file run03.cif (mmCIF, N, CA and C atoms)
data_input
loop_
_atom_site.label_atom_id
_atom_site.label_comp_id
_atom_site.auth_asym_id
_atom_site.auth_seq_id
_atom_site.Cartn_x
_atom_site.Cartn_y
_atom_site.Cartn_z
N ASN W 1 134.25 -174.54 71.55
CA ASN W 1 134.96 -175.81 71.48
C ASN W 1 134.65 -176.44 70.13
N ILE W 2 135.69 -176.72 69.38
CA ILE W 2 135.53 -177.29 68.04
C ILE W 2 136.26 -178.63 68.00
N VAL W 3 135.55 -179.66 67.53
CA VAL W 3 136.14 -180.97 67.31
C VAL W 3 136.03 -181.27 65.82
N ILE W 4 137.17 -181.41 65.18
CA ILE W 4 137.23 -181.69 63.75
C ILE W 4 137.48 -183.18 63.57
N VAL W 5 136.75 -183.80 62.65
CA VAL W 5 137.02 -185.19 62.32
C VAL W 5 137.77 -185.20 61.00
N SER W 6 138.99 -185.64 61.05
CA SER W 6 139.85 -185.71 59.87
C SER W 6 140.07 -187.17 59.51
N SER W 7 141.32 -187.59 59.42
CA SER W 7 141.64 -188.95 59.00
C SER W 7 143.11 -189.23 59.24
N LEU W 8 143.45 -190.49 59.26
CA LEU W 8 144.86 -190.90 59.23
C LEU W 8 145.55 -190.23 58.04
N ALA W 9 144.79 -190.04 56.96
CA ALA W 9 145.33 -189.38 55.77
C ALA W 9 145.66 -187.91 56.01
N GLY W 10 145.34 -187.38 57.18
CA GLY W 10 145.76 -186.03 57.54
C GLY W 10 147.19 -185.99 58.06
N ILE W 11 147.80 -187.16 58.23
CA ILE W 11 149.15 -187.28 58.75
C ILE W 11 150.07 -188.01 57.78
N VAL W 12 149.54 -189.03 57.12
CA VAL W 12 150.32 -189.82 56.17
C VAL W 12 149.75 -189.61 54.77
N ALA W 13 150.41 -190.15 53.76
CA ALA W 13 149.98 -189.92 52.38
C ALA W 13 149.99 -191.21 51.57
N PRO W 14 148.94 -192.03 51.70
CA PRO W 14 148.88 -193.22 50.86
C PRO W 14 148.72 -192.83 49.39
N PRO W 15 149.05 -193.73 48.47
CA PRO W 15 149.03 -193.38 47.04
C PRO W 15 147.62 -193.25 46.47
N THR W 16 147.52 -192.55 45.39
CA THR W 16 146.34 -192.41 44.52
C THR W 16 145.16 -191.66 45.14
N LEU W 17 145.38 -190.91 46.20
CA LEU W 17 144.28 -190.19 46.86
C LEU W 17 144.63 -188.71 47.07
N VAL W 18 145.26 -188.10 46.10
CA VAL W 18 145.83 -186.76 46.29
C VAL W 18 144.81 -185.74 46.77
N GLY W 19 143.61 -185.72 46.23
CA GLY W 19 142.61 -184.74 46.65
C GLY W 19 142.18 -184.96 48.09
N TYR W 20 141.90 -186.20 48.44
CA TYR W 20 141.48 -186.55 49.79
C TYR W 20 142.59 -186.24 50.79
N ILE W 21 143.80 -186.62 50.46
CA ILE W 21 144.94 -186.41 51.37
C ILE W 21 145.21 -184.92 51.56
N THR W 22 145.16 -184.16 50.50
CA THR W 22 145.39 -182.72 50.59
C THR W 22 144.36 -182.07 51.52
N THR W 23 143.11 -182.46 51.38
CA THR W 23 142.05 -181.92 52.23
C THR W 23 142.26 -182.30 53.69
N LYS W 24 142.61 -183.54 53.95
CA LYS W 24 142.80 -183.99 55.33
C LYS W 24 144.04 -183.35 55.96
N HIS W 25 145.12 -183.17 55.19
CA HIS W 25 146.28 -182.45 55.72
C HIS W 25 145.91 -181.00 56.04
N ALA W 26 145.05 -180.41 55.21
CA ALA W 26 144.60 -179.04 55.48
C ALA W 26 143.85 -178.96 56.80
N LEU W 27 143.05 -179.98 57.12
CA LEU W 27 142.33 -179.99 58.39
C LEU W 27 143.28 -180.05 59.58
N THR W 28 144.39 -180.76 59.42
CA THR W 28 145.39 -180.82 60.49
C THR W 28 145.98 -179.43 60.73
N GLY W 29 146.36 -178.75 59.67
CA GLY W 29 146.89 -177.39 59.80
C GLY W 29 145.85 -176.43 60.34
N PHE W 30 144.62 -176.57 59.90
CA PHE W 30 143.52 -175.74 60.37
C PHE W 30 143.34 -175.91 61.88
N THR W 31 143.36 -177.16 62.34
CA THR W 31 143.22 -177.45 63.76
C THR W 31 144.28 -176.71 64.57
N LYS W 32 145.51 -176.85 64.16
CA LYS W 32 146.62 -176.25 64.92
C LYS W 32 146.60 -174.72 64.85
N SER W 33 146.32 -174.18 63.68
CA SER W 33 146.27 -172.72 63.53
C SER W 33 145.13 -172.10 64.32
N MET W 34 143.97 -172.72 64.26
CA MET W 34 142.82 -172.20 65.01
C MET W 34 143.05 -172.30 66.51
N ALA W 35 143.66 -173.40 66.96
CA ALA W 35 143.95 -173.55 68.39
C ALA W 35 144.89 -172.44 68.86
N ARG W 36 145.89 -172.16 68.05
CA ARG W 36 146.86 -171.12 68.42
C ARG W 36 146.23 -169.74 68.42
N ASP W 37 145.48 -169.44 67.37
CA ASP W 37 144.92 -168.10 67.23
C ASP W 37 143.76 -167.81 68.19
N TYR W 38 142.94 -168.81 68.47
CA TYR W 38 141.73 -168.57 69.26
C TYR W 38 141.79 -169.12 70.68
N GLY W 39 142.87 -169.82 71.03
CA GLY W 39 143.04 -170.28 72.41
C GLY W 39 142.99 -169.15 73.42
N PRO W 40 143.65 -168.01 73.14
CA PRO W 40 143.60 -166.91 74.11
C PRO W 40 142.18 -166.39 74.37
N LEU W 41 141.26 -166.70 73.47
CA LEU W 41 139.86 -166.30 73.65
C LEU W 41 139.03 -167.40 74.32
N GLY W 42 139.70 -168.50 74.69
CA GLY W 42 139.00 -169.60 75.35
C GLY W 42 138.43 -170.65 74.41
N VAL W 43 138.76 -170.54 73.14
CA VAL W 43 138.26 -171.51 72.16
C VAL W 43 139.26 -172.66 72.06
N ARG W 44 138.76 -173.87 72.21
CA ARG W 44 139.60 -175.06 72.04
C ARG W 44 139.27 -175.69 70.70
N VAL W 45 140.31 -176.15 69.99
CA VAL W 45 140.15 -176.79 68.69
C VAL W 45 141.02 -178.03 68.66
N ASN W 46 140.40 -179.17 68.42
CA ASN W 46 141.12 -180.44 68.37
C ASN W 46 140.63 -181.25 67.18
N SER W 47 141.43 -182.21 66.78
CA SER W 47 141.09 -183.06 65.64
C SER W 47 141.17 -184.53 66.04
N VAL W 48 140.21 -185.30 65.56
CA VAL W 48 140.23 -186.75 65.70
C VAL W 48 140.54 -187.31 64.32
N ASN W 49 141.59 -188.14 64.24
CA ASN W 49 142.03 -188.67 62.96
C ASN W 49 141.92 -190.20 62.94
N PRO W 50 140.77 -190.70 62.51
CA PRO W 50 140.59 -192.16 62.46
C PRO W 50 141.35 -192.80 61.31
N GLY W 51 141.65 -194.08 61.50
CA GLY W 51 142.09 -194.92 60.40
C GLY W 51 140.85 -195.58 59.82
N TRP W 52 140.94 -196.87 59.55
CA TRP W 52 139.77 -197.58 59.03
C TRP W 52 138.68 -197.64 60.09
N VAL W 53 137.46 -197.29 59.69
CA VAL W 53 136.28 -197.36 60.56
C VAL W 53 135.19 -198.08 59.79
N ARG W 54 134.44 -198.91 60.47
CA ARG W 54 133.31 -199.62 59.85
C ARG W 54 132.15 -198.64 59.65
N THR W 55 132.24 -197.90 58.56
CA THR W 55 131.20 -196.94 58.17
C THR W 55 130.82 -197.23 56.73
N ALA W 56 129.85 -196.48 56.22
CA ALA W 56 129.46 -196.65 54.82
C ALA W 56 130.67 -196.40 53.90
N MET W 57 131.49 -195.40 54.22
CA MET W 57 132.68 -195.12 53.40
C MET W 57 133.67 -196.27 53.48
N GLY W 58 133.92 -196.78 54.70
CA GLY W 58 134.82 -197.92 54.86
C GLY W 58 134.29 -199.15 54.14
N ASP W 59 132.98 -199.39 54.29
CA ASP W 59 132.36 -200.54 53.64
C ASP W 59 132.50 -200.46 52.12
N GLU W 60 132.35 -199.26 51.57
CA GLU W 60 132.48 -199.08 50.12
C GLU W 60 133.90 -199.44 49.66
N ALA W 61 134.89 -198.98 50.43
CA ALA W 61 136.28 -199.31 50.09
C ALA W 61 136.52 -200.82 50.21
N MET W 62 135.97 -201.42 51.25
CA MET W 62 136.15 -202.87 51.43
C MET W 62 135.43 -203.65 50.33
N ASP W 63 134.28 -203.16 49.89
CA ASP W 63 133.57 -203.83 48.80
C ASP W 63 134.38 -203.80 47.51
N GLY W 64 135.11 -202.70 47.29
CA GLY W 64 136.01 -202.63 46.13
C GLY W 64 137.13 -203.65 46.23
N ILE W 65 137.70 -203.78 47.41
CA ILE W 65 138.76 -204.78 47.63
C ILE W 65 138.17 -206.17 47.48
N SER W 66 136.98 -206.38 48.01
CA SER W 66 136.30 -207.68 47.91
C SER W 66 136.10 -208.09 46.46
N ALA W 67 135.63 -207.15 45.67
CA ALA W 67 135.36 -207.44 44.26
C ALA W 67 136.64 -207.80 43.50
N MET W 68 137.73 -207.11 43.82
CA MET W 68 139.00 -207.37 43.14
C MET W 68 139.67 -208.64 43.63
N SER W 69 139.46 -208.99 44.89
CA SER W 69 140.20 -210.09 45.49
C SER W 69 139.38 -211.36 45.71
N GLY W 70 138.07 -211.27 45.51
CA GLY W 70 137.24 -212.45 45.73
C GLY W 70 137.12 -212.84 47.19
N ILE W 71 137.14 -211.84 48.08
CA ILE W 71 137.02 -212.10 49.51
C ILE W 71 135.80 -211.35 50.04
N THR W 72 135.40 -211.65 51.26
CA THR W 72 134.26 -210.98 51.86
C THR W 72 134.66 -209.60 52.38
N ARG W 73 133.66 -208.81 52.72
CA ARG W 73 133.91 -207.49 53.30
C ARG W 73 134.70 -207.64 54.61
N ASP W 74 134.30 -208.56 55.48
CA ASP W 74 135.02 -208.75 56.74
C ASP W 74 136.47 -209.18 56.49
N GLU W 75 136.69 -210.03 55.49
CA GLU W 75 138.06 -210.44 55.15
C GLU W 75 138.85 -209.25 54.62
N ALA W 76 138.19 -208.35 53.90
CA ALA W 76 138.87 -207.15 53.41
C ALA W 76 139.29 -206.25 54.57
N TYR W 77 138.41 -206.07 55.55
CA TYR W 77 138.80 -205.29 56.74
C TYR W 77 139.98 -205.95 57.44
N ARG W 78 139.97 -207.27 57.55
CA ARG W 78 141.11 -207.96 58.18
C ARG W 78 142.39 -207.75 57.36
N LEU W 79 142.26 -207.76 56.04
CA LEU W 79 143.42 -207.57 55.17
C LEU W 79 144.04 -206.18 55.35
N VAL W 80 143.21 -205.14 55.36
CA VAL W 80 143.76 -203.78 55.45
C VAL W 80 144.24 -203.42 56.84
N THR W 81 143.88 -204.23 57.83
CA THR W 81 144.35 -203.95 59.20
C THR W 81 145.32 -205.01 59.72
N LYS W 82 145.77 -205.89 58.85
CA LYS W 82 146.62 -206.99 59.31
C LYS W 82 147.96 -206.52 59.88
N ASN W 83 148.46 -205.36 59.46
CA ASN W 83 149.74 -204.85 59.96
C ASN W 83 149.57 -203.69 60.94
N VAL W 84 148.33 -203.42 61.33
CA VAL W 84 148.03 -202.38 62.31
C VAL W 84 148.16 -203.01 63.70
N PRO W 85 148.79 -202.34 64.65
CA PRO W 85 149.00 -202.97 65.95
C PRO W 85 147.76 -203.60 66.59
N LEU W 86 146.61 -202.95 66.53
CA LEU W 86 145.41 -203.54 67.14
C LEU W 86 144.68 -204.51 66.22
N ARG W 87 145.12 -204.61 64.97
CA ARG W 87 144.62 -205.60 64.02
C ARG W 87 143.12 -205.54 63.76
N ARG W 88 142.55 -204.33 63.79
CA ARG W 88 141.11 -204.22 63.52
C ARG W 88 140.75 -202.78 63.19
N PRO W 89 139.63 -202.60 62.50
CA PRO W 89 139.15 -201.23 62.29
C PRO W 89 138.42 -200.74 63.54
N ALA W 90 138.18 -199.45 63.59
CA ALA W 90 137.39 -198.87 64.68
C ALA W 90 135.91 -199.05 64.37
N GLU W 91 135.13 -199.01 65.42
CA GLU W 91 133.68 -198.94 65.29
C GLU W 91 133.29 -197.47 65.40
N PRO W 92 132.22 -197.05 64.74
CA PRO W 92 131.82 -195.64 64.80
C PRO W 92 131.66 -195.11 66.23
N GLU W 93 131.16 -195.95 67.12
CA GLU W 93 130.95 -195.53 68.51
C GLU W 93 132.27 -195.19 69.21
N GLU W 94 133.34 -195.85 68.81
CA GLU W 94 134.64 -195.54 69.42
C GLU W 94 135.11 -194.14 69.03
N ILE W 95 134.90 -193.78 67.77
CA ILE W 95 135.27 -192.44 67.31
C ILE W 95 134.37 -191.40 67.98
N ALA W 96 133.08 -191.71 68.08
CA ALA W 96 132.14 -190.79 68.73
C ALA W 96 132.52 -190.55 70.18
N SER W 97 132.99 -191.57 70.87
CA SER W 97 133.40 -191.42 72.28
C SER W 97 134.57 -190.45 72.42
N ILE W 98 135.50 -190.52 71.49
CA ILE W 98 136.64 -189.59 71.52
C ILE W 98 136.15 -188.17 71.29
N CYS W 99 135.26 -188.00 70.32
CA CYS W 99 134.71 -186.66 70.04
C CYS W 99 133.96 -186.12 71.25
N LEU W 100 133.18 -186.97 71.90
CA LEU W 100 132.44 -186.56 73.09
C LEU W 100 133.39 -186.11 74.19
N PHE W 101 134.47 -186.87 74.41
CA PHE W 101 135.46 -186.48 75.41
C PHE W 101 136.06 -185.12 75.07
N LEU W 102 136.46 -184.92 73.81
CA LEU W 102 137.08 -183.65 73.43
C LEU W 102 136.11 -182.48 73.53
N ALA W 103 134.82 -182.76 73.39
CA ALA W 103 133.81 -181.70 73.49
C ALA W 103 133.43 -181.42 74.95
N SER W 104 133.86 -182.28 75.86
CA SER W 104 133.46 -182.15 77.26
C SER W 104 134.43 -181.29 78.06
N ALA W 105 133.96 -180.90 79.24
CA ALA W 105 134.80 -180.14 80.17
C ALA W 105 135.96 -180.98 80.70
N GLU W 106 135.84 -182.30 80.62
CA GLU W 106 136.92 -183.17 81.11
C GLU W 106 138.20 -183.01 80.30
N SER W 107 138.11 -182.45 79.11
CA SER W 107 139.30 -182.24 78.28
C SER W 107 139.66 -180.76 78.20
N SER W 108 139.30 -180.01 79.22
CA SER W 108 139.42 -178.54 79.18
C SER W 108 140.84 -178.02 78.98
N ILE W 109 141.86 -178.83 79.17
CA ILE W 109 143.24 -178.38 78.97
C ILE W 109 143.77 -178.76 77.59
N ILE W 110 142.98 -179.48 76.82
CA ILE W 110 143.45 -179.98 75.53
C ILE W 110 143.02 -179.05 74.41
N THR W 111 143.98 -178.56 73.66
CA THR W 111 143.70 -177.81 72.43
C THR W 111 144.87 -177.97 71.48
N GLY W 112 144.56 -177.94 70.19
CA GLY W 112 145.59 -178.11 69.17
C GLY W 112 146.03 -179.55 69.00
N ALA W 113 145.33 -180.47 69.64
CA ALA W 113 145.71 -181.88 69.58
C ALA W 113 145.16 -182.54 68.32
N VAL W 114 145.96 -183.43 67.79
CA VAL W 114 145.55 -184.29 66.68
C VAL W 114 145.56 -185.70 67.27
N ILE W 115 144.39 -186.20 67.57
CA ILE W 115 144.25 -187.50 68.23
C ILE W 115 144.14 -188.59 67.17
N MET W 116 145.14 -189.44 67.12
CA MET W 116 145.13 -190.54 66.16
C MET W 116 144.27 -191.67 66.73
N ALA W 117 143.19 -191.98 66.06
CA ALA W 117 142.27 -193.04 66.46
C ALA W 117 142.31 -194.11 65.38
N ASP W 118 143.50 -194.67 65.18
CA ASP W 118 143.78 -195.48 64.00
C ASP W 118 144.26 -196.89 64.32
N ALA W 119 144.00 -197.34 65.54
CA ALA W 119 144.44 -198.68 65.98
C ALA W 119 145.96 -198.84 65.90
N GLY W 120 146.67 -197.73 65.87
CA GLY W 120 148.13 -197.77 65.81
C GLY W 120 148.72 -197.70 64.42
N ALA W 121 147.90 -197.52 63.40
CA ALA W 121 148.39 -197.52 62.02
C ALA W 121 149.48 -196.47 61.79
N SER W 122 149.36 -195.31 62.44
CA SER W 122 150.32 -194.23 62.20
C SER W 122 151.70 -194.50 62.78
N VAL W 123 151.84 -195.54 63.60
CA VAL W 123 153.15 -195.85 64.16
C VAL W 123 153.85 -196.99 63.41
N VAL W 124 153.20 -197.51 62.39
CA VAL W 124 153.76 -198.62 61.63
C VAL W 124 154.65 -198.09 60.51
N ASP W 125 155.86 -198.60 60.45
CA ASP W 125 156.77 -198.28 59.36
C ASP W 125 156.57 -199.35 58.28
N ILE W 126 155.78 -199.01 57.28
CA ILE W 126 155.40 -199.98 56.24
C ILE W 126 156.62 -200.62 55.60
N ALA W 127 157.68 -199.86 55.41
CA ALA W 127 158.87 -200.40 54.76
C ALA W 127 159.54 -201.49 55.59
N MET W 128 159.28 -201.52 56.89
CA MET W 128 159.94 -202.48 57.77
C MET W 128 159.05 -203.64 58.20
N ILE W 129 157.84 -203.71 57.69
CA ILE W 129 156.88 -204.72 58.16
C ILE W 129 157.44 -206.15 58.06
N ASP W 130 158.05 -206.52 56.95
CA ASP W 130 158.49 -207.88 56.77
C ASP W 130 159.84 -208.21 57.43
N VAL W 131 160.49 -207.20 58.01
CA VAL W 131 161.79 -207.46 58.63
C VAL W 131 161.80 -207.14 60.13
N GLY W 132 160.63 -206.82 60.66
CA GLY W 132 160.53 -206.47 62.08
C GLY W 132 160.73 -207.68 62.96
N PRO W 133 160.80 -207.45 64.28
CA PRO W 133 161.09 -208.55 65.23
C PRO W 133 160.03 -209.65 65.23
N THR W 134 158.81 -209.33 64.79
CA THR W 134 157.77 -210.37 64.77
C THR W 134 157.63 -210.99 63.39
N GLY W 135 158.47 -210.56 62.45
CA GLY W 135 158.42 -211.14 61.11
C GLY W 135 157.22 -210.69 60.29
N GLY W 136 156.62 -209.57 60.67
CA GLY W 136 155.49 -209.05 59.93
C GLY W 136 154.26 -209.42 60.55
#
call {"tool": "encode", "arguments": {"input": "run03.cif", "output": "structure tokens"}}
result
Amino acid sequence: NIVIVSSLAGIVAPPTLVGYITTKHALTGFTKSMARDYGPLGVRVNSVNPGWVRTAMGDEAMDGISAMSGITRDEAYRLVTKNVPLRRPAEPEEIASICLFLASAESSIITGAVIMADAGASVVDIAMIDVGPTGG
């Protein structure tokens, strides 16, 4: 049983991160290919794709936004998640819980899945944010 931790960037392609995005997209393909090839042998392979998470990496990105914008780290997290349906980043424990479930026997029928753990970010059409029914 293999649980891969990828990223929202394994599905979408934000600007200026070509190396990171290419690697994360590769993990998505790897997950699906391994699940297909090794499923008949009983091997399950799934991927967890978080959006923003309060981790050292997330904090570093927020600190960069803070420095440029003159806002706090918490305000930066609120800024980057303001158009995400759940309006918040994940906590590390939430991502760990998903990984634990995928590693457990309770998920024994799941393989080849790419689980978006992104507070809904992957369902947002950025181009339509300001014209949607809620006005953004």
call {"tool": "resolve_selection", "arguments": {"input": "run03.cif", "expression": "the PyMOL selection byres (((chain W and resi 30 and name CA) around 12) and name CA)", "output": "PyMOL selection string"}}
result
chain W and resi 2-6+10+23-29+31-38+45-47+112-114
call {"tool": "closest_residue", "arguments": {"input": "run03.cif", "among": "W:Lys82, W:Arg87, W:Arg73, W:Arg44", "to": "Gly58 of chain W", "atoms": "only C-alpha atoms"}}
result
W:Arg73
call {"tool": "atom_distance", "arguments": {"input": "run03.cif", "atom1": "atom CA of Thr72 of chain W", "atom2": "atom CA of Pro92 of chain W"}}
result
20.2 Å
call {"tool": "select_by_dssp", "arguments": {"input": "run03.cif", "residues": "chain W", "states": "helix (DSSP H, G or I)", "output": "number ranges by chain"}}
result
W: 8-10, 18-41, 56-69, 73-80, 92-103, 105-107, 121-123, 126-131
call {"tool": "residues_around", "arguments": {"input": "run03.cif", "residues": "Arg88 of chain W", "least_positions_apart": "6", "cutoff": "8 Å", "atoms": "only C-alpha atoms", "output": "PyMOL selection string"}}
result
chain W and resi 77-78+81-82+119
call {"tool": "resolve_selection", "arguments": {"input": "run03.cif", "expression": "the PyMOL selection byres ((chain W and resi 94-104) around 7)", "output": "PyMOL selection string"}}
result
chain W and resi 1-3+48+90-93+105-108
call {"tool": "axis_aligned_box", "arguments": {"input": "run03.cif", "around": "segment 6-20 of chain W", "padding_each_side": "3 Å", "output": "AutoDock Vina command-line options"}}
result
--center_x 144.7 --center_y -189.2 --center_z 52.8 --size_x 17.4 --size_y 15.0 --size_z 22.5
call {"tool": "residues_around", "arguments": {"input": "run03.cif", "residues": "Ala121 of chain W", "least_positions_apart": "6", "cutoff": "6.5 Å", "atoms": "only N, CA and C atoms", "output": "PyMOL selection string"}}
result
chain W and resi 83-86
call {"tool": "select_by_dssp", "arguments": {"input": "run03.cif", "residues": "chain W", "states": "strand (DSSP E)", "output": "list in words"}}
result
Ile2, Val3, Ile4, Val5, Val45, Asn46, Ser47, Val48, Asn49, Pro50, Val114, Ile115, Met116 and Ala117 of chain W
call {"tool": "atom_distance", "arguments": {"input": "run03.cif", "atom1": "atom N of Met116 of chain W", "atom2": "atom C of Leu17 of chain W"}}
result
20.1 Å
call {"tool": "closest_residue", "arguments": {"input": "run03.cif", "among": "W:Asn49, W:Ile21, W:Ile65, W:Ile115", "to": "Ser7 of chain W", "atoms": "all atoms listed in the file"}}
result
W:Asn49
call {"tool": "atom_distance", "arguments": {"input": "run03.cif", "atom1": "atom CA of Thr22 of chain W", "atom2": "atom C of Leu8 of chain W"}}
result
10.6 Å
call {"tool": "residues_around", "arguments": {"input": "run03.cif", "residues": "Asp74 of chain W", "least_positions_apart": "5", "cutoff": "8 Å", "atoms": "only N, CA and C atoms", "output": "list in words"}}
result
Met62, Asp63, Ser66, Leu79 and Val80 of chain W
call {"tool": "resolve_selection", "arguments": {"input": "run03.cif", "expression": "the PyMOL selection byres ((chain W and resi 52) around 5)", "output": "number ranges by chain"}}
result
W: 50-51, 53-54, 89-90
call {"tool": "closest_residue", "arguments": {"input": "run03.cif", "among": "W:Met68, W:Ile110, W:Val124, W:Ala117", "to": "Gly42 of chain W", "atoms": "only C-alpha atoms"}}
result
W:Ile110
call {"tool": "closest_residue", "arguments": {"input": "run03.cif", "among": "W:Thr55, W:Glu60, W:Asp118, W:Gly39", "to": "Ala9 of chain W", "atoms": "only C-alpha atoms"}}
result
W:Asp118
